[in-house]
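Enquirer: The following file, protein30.txt, comprises compact mmCIF, N, CA, C and O atoms:
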# COMPACT_ATOMS: atom_id res chain seq x y z
N MET A 24 -62.89 26.40 43.00
CA MET A 24 -63.64 26.85 44.15
C MET A 24 -63.80 25.69 45.11
O MET A 24 -63.87 24.54 44.73
N GLY A 25 -63.90 25.95 46.39
CA GLY A 25 -63.95 24.90 47.38
C GLY A 25 -65.32 24.31 47.60
O GLY A 25 -66.26 24.61 46.88
N PRO A 26 -65.46 23.46 48.62
CA PRO A 26 -66.73 22.83 48.94
C PRO A 26 -67.79 23.88 49.25
O PRO A 26 -67.50 24.98 49.69
N GLY A 27 -69.03 23.50 49.04
CA GLY A 27 -70.14 24.39 49.38
C GLY A 27 -70.30 25.53 48.40
O GLY A 27 -70.77 26.60 48.76
N GLY A 28 -69.90 25.32 47.16
CA GLY A 28 -70.07 26.34 46.15
C GLY A 28 -69.25 27.58 46.40
O GLY A 28 -69.54 28.64 45.89
N GLY A 29 -68.23 27.46 47.22
CA GLY A 29 -67.35 28.59 47.45
C GLY A 29 -67.75 29.47 48.63
O GLY A 29 -67.08 30.44 48.93
N ALA A 30 -68.85 29.14 49.30
CA ALA A 30 -69.30 29.98 50.42
C ALA A 30 -68.24 30.06 51.51
O ALA A 30 -67.93 31.15 52.01
N ILE A 31 -67.66 28.94 51.87
CA ILE A 31 -66.63 28.96 52.92
C ILE A 31 -65.39 29.68 52.41
O ILE A 31 -64.79 30.47 53.13
N ASP A 32 -65.03 29.46 51.14
CA ASP A 32 -63.88 30.17 50.57
C ASP A 32 -64.07 31.67 50.68
O ASP A 32 -63.16 32.40 51.04
N ARG A 33 -65.27 32.15 50.36
CA ARG A 33 -65.54 33.59 50.42
C ARG A 33 -65.44 34.10 51.85
O ARG A 33 -64.92 35.18 52.10
N LEU A 34 -65.93 33.33 52.81
CA LEU A 34 -65.83 33.74 54.21
C LEU A 34 -64.38 33.85 54.65
O LEU A 34 -64.00 34.76 55.38
N LEU A 35 -63.55 32.92 54.21
CA LEU A 35 -62.15 32.94 54.59
C LEU A 35 -61.42 34.12 53.97
O LEU A 35 -60.51 34.67 54.57
N VAL A 36 -61.81 34.50 52.77
CA VAL A 36 -61.20 35.67 52.15
C VAL A 36 -61.60 36.92 52.93
O VAL A 36 -60.79 37.80 53.17
N LEU A 37 -62.87 36.97 53.34
CA LEU A 37 -63.35 38.12 54.10
C LEU A 37 -62.76 38.18 55.50
O LEU A 37 -62.47 39.24 56.02
N ASP A 38 -62.63 37.02 56.13
CA ASP A 38 -62.14 36.96 57.51
C ASP A 38 -61.24 35.74 57.67
O ASP A 38 -61.70 34.68 58.09
N PRO A 39 -59.95 35.86 57.33
CA PRO A 39 -59.06 34.71 57.40
C PRO A 39 -58.91 34.15 58.82
O PRO A 39 -58.40 33.06 59.01
N LYS A 40 -59.34 34.89 59.81
CA LYS A 40 -59.25 34.41 61.19
C LYS A 40 -60.51 33.66 61.62
O LYS A 40 -60.70 33.38 62.80
N ALA A 41 -61.39 33.34 60.71
CA ALA A 41 -62.63 32.62 61.02
C ALA A 41 -62.29 31.16 61.34
O ALA A 41 -62.37 30.30 60.48
N ALA A 42 -61.92 30.92 62.57
CA ALA A 42 -61.39 29.62 62.99
C ALA A 42 -62.27 28.45 62.58
O ALA A 42 -61.78 27.48 62.00
N THR A 43 -63.53 28.51 62.89
CA THR A 43 -64.39 27.35 62.61
C THR A 43 -64.52 27.10 61.12
O THR A 43 -64.73 25.96 60.71
N GLU A 44 -64.36 28.12 60.31
CA GLU A 44 -64.44 27.93 58.86
C GLU A 44 -63.25 27.10 58.36
O GLU A 44 -63.41 26.25 57.49
N TRP A 45 -62.06 27.36 58.90
CA TRP A 45 -60.89 26.56 58.52
C TRP A 45 -61.12 25.10 58.90
O TRP A 45 -60.87 24.19 58.12
N ARG A 46 -61.61 24.90 60.12
CA ARG A 46 -61.85 23.53 60.59
C ARG A 46 -62.91 22.85 59.73
O ARG A 46 -62.71 21.72 59.27
N ASP A 47 -64.01 23.55 59.48
CA ASP A 47 -65.11 22.95 58.74
C ASP A 47 -64.76 22.70 57.28
O ASP A 47 -65.19 21.70 56.70
N ARG A 48 -63.96 23.59 56.68
CA ARG A 48 -63.56 23.36 55.30
C ARG A 48 -62.65 22.14 55.22
O ARG A 48 -62.72 21.37 54.26
N GLY A 49 -61.82 21.94 56.25
CA GLY A 49 -61.00 20.73 56.28
C GLY A 49 -61.85 19.47 56.28
O GLY A 49 -61.56 18.50 55.58
N VAL A 50 -62.93 19.49 57.05
CA VAL A 50 -63.86 18.35 57.08
C VAL A 50 -64.50 18.18 55.70
O VAL A 50 -64.58 17.06 55.18
N ALA A 51 -64.94 19.28 55.11
CA ALA A 51 -65.59 19.21 53.80
C ALA A 51 -64.64 18.64 52.75
O ALA A 51 -65.01 17.75 51.98
N TRP A 52 -63.41 19.14 52.73
CA TRP A 52 -62.43 18.62 51.76
C TRP A 52 -62.22 17.12 51.97
O TRP A 52 -62.19 16.35 51.01
N SER A 53 -62.05 16.72 53.22
CA SER A 53 -61.81 15.32 53.51
C SER A 53 -62.99 14.46 53.06
O SER A 53 -62.82 13.39 52.46
N ASN A 54 -64.21 14.93 53.32
CA ASN A 54 -65.41 14.19 52.92
C ASN A 54 -65.52 14.07 51.40
O ASN A 54 -66.13 13.12 50.91
N LEU A 55 -64.96 15.03 50.69
CA LEU A 55 -64.98 15.00 49.22
C LEU A 55 -63.82 14.19 48.65
O LEU A 55 -63.65 14.12 47.44
N GLY A 56 -63.01 13.60 49.53
CA GLY A 56 -61.88 12.82 49.07
C GLY A 56 -60.62 13.64 48.81
O GLY A 56 -59.63 13.13 48.32
N GLU A 57 -60.67 14.92 49.15
CA GLU A 57 -59.52 15.82 48.97
C GLU A 57 -58.74 15.91 50.29
O GLU A 57 -58.68 16.97 50.92
N VAL A 58 -58.17 14.78 50.66
CA VAL A 58 -57.54 14.67 51.98
C VAL A 58 -56.40 15.66 52.16
O VAL A 58 -56.29 16.30 53.21
N ARG A 59 -55.57 15.83 51.15
CA ARG A 59 -54.44 16.76 51.28
C ARG A 59 -54.92 18.19 51.54
O ARG A 59 -54.32 18.91 52.34
N ARG A 60 -55.97 18.60 50.86
CA ARG A 60 -56.50 19.95 51.08
C ARG A 60 -57.07 20.08 52.49
O ARG A 60 -56.91 21.11 53.14
N GLY A 61 -57.73 19.03 52.96
CA GLY A 61 -58.24 19.03 54.32
C GLY A 61 -57.13 19.15 55.34
O GLY A 61 -57.24 19.90 56.31
N LEU A 62 -56.03 18.43 55.09
CA LEU A 62 -54.88 18.51 55.99
C LEU A 62 -54.38 19.94 56.11
O LEU A 62 -54.07 20.40 57.21
N GLY A 63 -54.28 20.61 54.99
CA GLY A 63 -53.79 21.99 55.01
C GLY A 63 -54.66 22.90 55.86
O GLY A 63 -54.15 23.72 56.64
N ASP A 64 -55.97 22.76 55.72
CA ASP A 64 -56.87 23.60 56.51
C ASP A 64 -56.78 23.27 58.00
O ASP A 64 -56.77 24.16 58.84
N TRP A 65 -56.72 21.98 58.32
CA TRP A 65 -56.61 21.60 59.73
C TRP A 65 -55.29 22.05 60.34
O TRP A 65 -55.25 22.48 61.49
N GLU A 66 -54.22 21.93 59.57
CA GLU A 66 -52.92 22.38 60.08
C GLU A 66 -52.95 23.88 60.36
O GLU A 66 -52.43 24.33 61.38
N ARG A 67 -53.56 24.63 59.46
CA ARG A 67 -53.65 26.07 59.68
C ARG A 67 -54.50 26.38 60.91
O ARG A 67 -54.15 27.23 61.72
N TYR A 68 -55.61 25.68 61.04
CA TYR A 68 -56.49 25.86 62.20
C TYR A 68 -55.72 25.60 63.50
O TYR A 68 -55.77 26.41 64.42
N LEU A 69 -55.01 24.49 63.56
CA LEU A 69 -54.28 24.12 64.78
C LEU A 69 -53.15 25.11 65.08
O LEU A 69 -52.88 25.40 66.24
N THR A 70 -52.51 25.62 64.03
CA THR A 70 -51.42 26.57 64.21
C THR A 70 -51.92 27.93 64.66
O THR A 70 -51.39 28.53 65.58
N GLU A 71 -52.97 28.41 64.00
CA GLU A 71 -53.45 29.76 64.28
C GLU A 71 -54.36 29.85 65.50
O GLU A 71 -54.52 30.92 66.07
N PHE A 72 -54.94 28.73 65.89
CA PHE A 72 -55.88 28.74 67.02
C PHE A 72 -55.52 27.62 68.00
O PHE A 72 -56.28 26.69 68.22
N PRO A 73 -54.32 27.70 68.61
CA PRO A 73 -53.85 26.62 69.48
C PRO A 73 -54.68 26.43 70.74
O PRO A 73 -54.62 25.37 71.36
N ASP A 74 -55.46 27.43 71.11
CA ASP A 74 -56.26 27.32 72.33
C ASP A 74 -57.71 26.94 72.06
O ASP A 74 -58.55 26.99 72.96
N ALA A 75 -58.02 26.55 70.83
CA ALA A 75 -59.39 26.17 70.49
C ALA A 75 -59.83 25.00 71.36
O ALA A 75 -59.04 24.10 71.66
N GLU A 76 -61.09 25.02 71.76
CA GLU A 76 -61.62 23.97 72.64
C GLU A 76 -61.55 22.59 72.00
O GLU A 76 -61.41 21.59 72.70
N ASP A 77 -61.66 22.53 70.69
CA ASP A 77 -61.68 21.23 70.00
C ASP A 77 -60.32 20.87 69.39
O ASP A 77 -60.24 20.06 68.48
N HIS A 78 -59.27 21.47 69.93
CA HIS A 78 -57.92 21.25 69.41
C HIS A 78 -57.59 19.76 69.31
O HIS A 78 -57.09 19.29 68.29
N GLU A 79 -57.86 19.01 70.35
CA GLU A 79 -57.53 17.57 70.35
C GLU A 79 -58.36 16.81 69.33
O GLU A 79 -57.86 15.89 68.68
N THR A 80 -59.61 17.18 69.15
CA THR A 80 -60.47 16.53 68.16
C THR A 80 -59.92 16.75 66.76
O THR A 80 -59.84 15.83 65.95
N VAL A 81 -59.54 17.98 66.46
CA VAL A 81 -59.01 18.30 65.14
C VAL A 81 -57.67 17.60 64.93
O VAL A 81 -57.37 17.11 63.84
N LYS A 82 -56.85 17.50 65.99
CA LYS A 82 -55.60 16.76 65.88
C LYS A 82 -55.88 15.30 65.52
O LYS A 82 -55.14 14.68 64.77
N GLY A 83 -56.98 14.76 66.05
CA GLY A 83 -57.38 13.39 65.71
C GLY A 83 -57.75 13.27 64.23
O GLY A 83 -57.37 12.30 63.56
N HIS A 84 -58.49 14.26 63.70
CA HIS A 84 -58.83 14.28 62.28
C HIS A 84 -57.54 14.28 61.45
O HIS A 84 -57.41 13.54 60.48
N LEU A 85 -56.62 15.14 61.86
CA LEU A 85 -55.35 15.29 61.14
C LEU A 85 -54.57 13.98 61.15
O LEU A 85 -54.07 13.53 60.12
N ARG A 86 -54.50 13.35 62.29
CA ARG A 86 -53.76 12.09 62.43
C ARG A 86 -54.38 11.01 61.53
O ARG A 86 -53.67 10.30 60.81
N ARG A 87 -55.71 10.89 61.55
CA ARG A 87 -56.38 9.88 60.72
C ARG A 87 -56.19 10.16 59.23
O ARG A 87 -55.98 9.25 58.44
N ALA A 88 -56.25 11.42 58.86
CA ALA A 88 -56.06 11.78 57.45
C ALA A 88 -54.64 11.45 57.00
O ALA A 88 -54.44 10.95 55.89
N ARG A 89 -53.66 11.73 57.84
CA ARG A 89 -52.28 11.40 57.49
C ARG A 89 -52.10 9.88 57.34
O ARG A 89 -51.38 9.42 56.45
N GLN A 90 -52.75 9.10 58.21
CA GLN A 90 -52.67 7.65 58.11
C GLN A 90 -53.30 7.18 56.80
O GLN A 90 -52.77 6.29 56.13
N LYS A 91 -54.43 7.79 56.44
CA LYS A 91 -55.10 7.44 55.19
C LYS A 91 -54.20 7.72 53.99
O LYS A 91 -54.09 6.89 53.09
N LEU A 92 -53.54 8.86 54.00
CA LEU A 92 -52.62 9.19 52.91
C LEU A 92 -51.45 8.23 52.86
O LEU A 92 -51.02 7.82 51.78
N ALA A 93 -50.93 7.86 54.02
CA ALA A 93 -49.80 6.93 54.07
C ALA A 93 -50.19 5.57 53.46
O ALA A 93 -49.37 4.93 52.80
N GLN A 94 -51.42 5.15 53.70
CA GLN A 94 -51.89 3.87 53.15
C GLN A 94 -52.03 3.92 51.63
O GLN A 94 -51.88 2.92 50.95
N LEU A 95 -52.31 5.12 51.10
CA LEU A 95 -52.49 5.27 49.66
C LEU A 95 -51.16 5.27 48.92
O LEU A 95 -51.12 4.97 47.72
N ASN A 96 -50.08 5.61 49.64
CA ASN A 96 -48.76 5.69 48.98
C ASN A 96 -48.06 4.37 48.94
O ASN A 96 -48.20 3.47 49.55
Represent the structure contained in this file as structure tokens.

Expert:
Amino acid sequence: MGPGGGAIDRLLVLDPKAATEWRDRGVAWSNLGEVRRGLGDWERYLTEFPDAEDHETVKGHLRRARQKLAQLN
């Protein structure tokens, strides 16, 4: 089950188009050290919601997470 005791996971199952939930779960995963899982959620958010107001901010999260992963390898 994901961050937050599965609450966000359940919301995504109920409404997979819940844009902010994808973004927020990516943040939660990243904060828990699950960077790869966070990347997946952010990538989905950016792909499915290209006109989101915070698109550039989320792209920044994604870029930093990828850099962090590159440093670990």

Enquirer: Please, what distance in Å, to one decimal, runs between atom CA of A:Arg59 and atom CA of A:Ala41?

Expert: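 Atom-to-atom, atom CA of A:Arg59 to atom CA of A:Ala41, that is 20.3 Å.
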
Enquirer: Show which residues sit within 7 Å of stretch 78-95 of chain A, as a PyMOL selection string. Count only C-alpha atoms, and ignore same-chain residues fewer than 5 positions away.

Expert: chain A and resi 58+62+65+69+73

Enquirer: Using only C-alpha atoms, which protein or nucleic acid residues come within 12 Å of A:Glu57? Drop anything in the same chain fewer than 6 positions from it, and give the result as an MDAnalysis selection string.

Expert: chainID A and resid 25:26 48:51 63:64 88 91:92

Enquirer: What gap, in Å, lies between atom CA of A:Thr43 and atom CA of A:Arg60?

Expert: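 Value for the atom CA of A:Thr43-atom CA of A:Arg60 distance: 15.8 Å.
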
Enquirer: I'd like the interatomic distance between atom N of A:Tyr68 and atom C of A:Ala42, to a tenth of an Å.

Expert: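 Distance between the two atoms: 7.4 Å.
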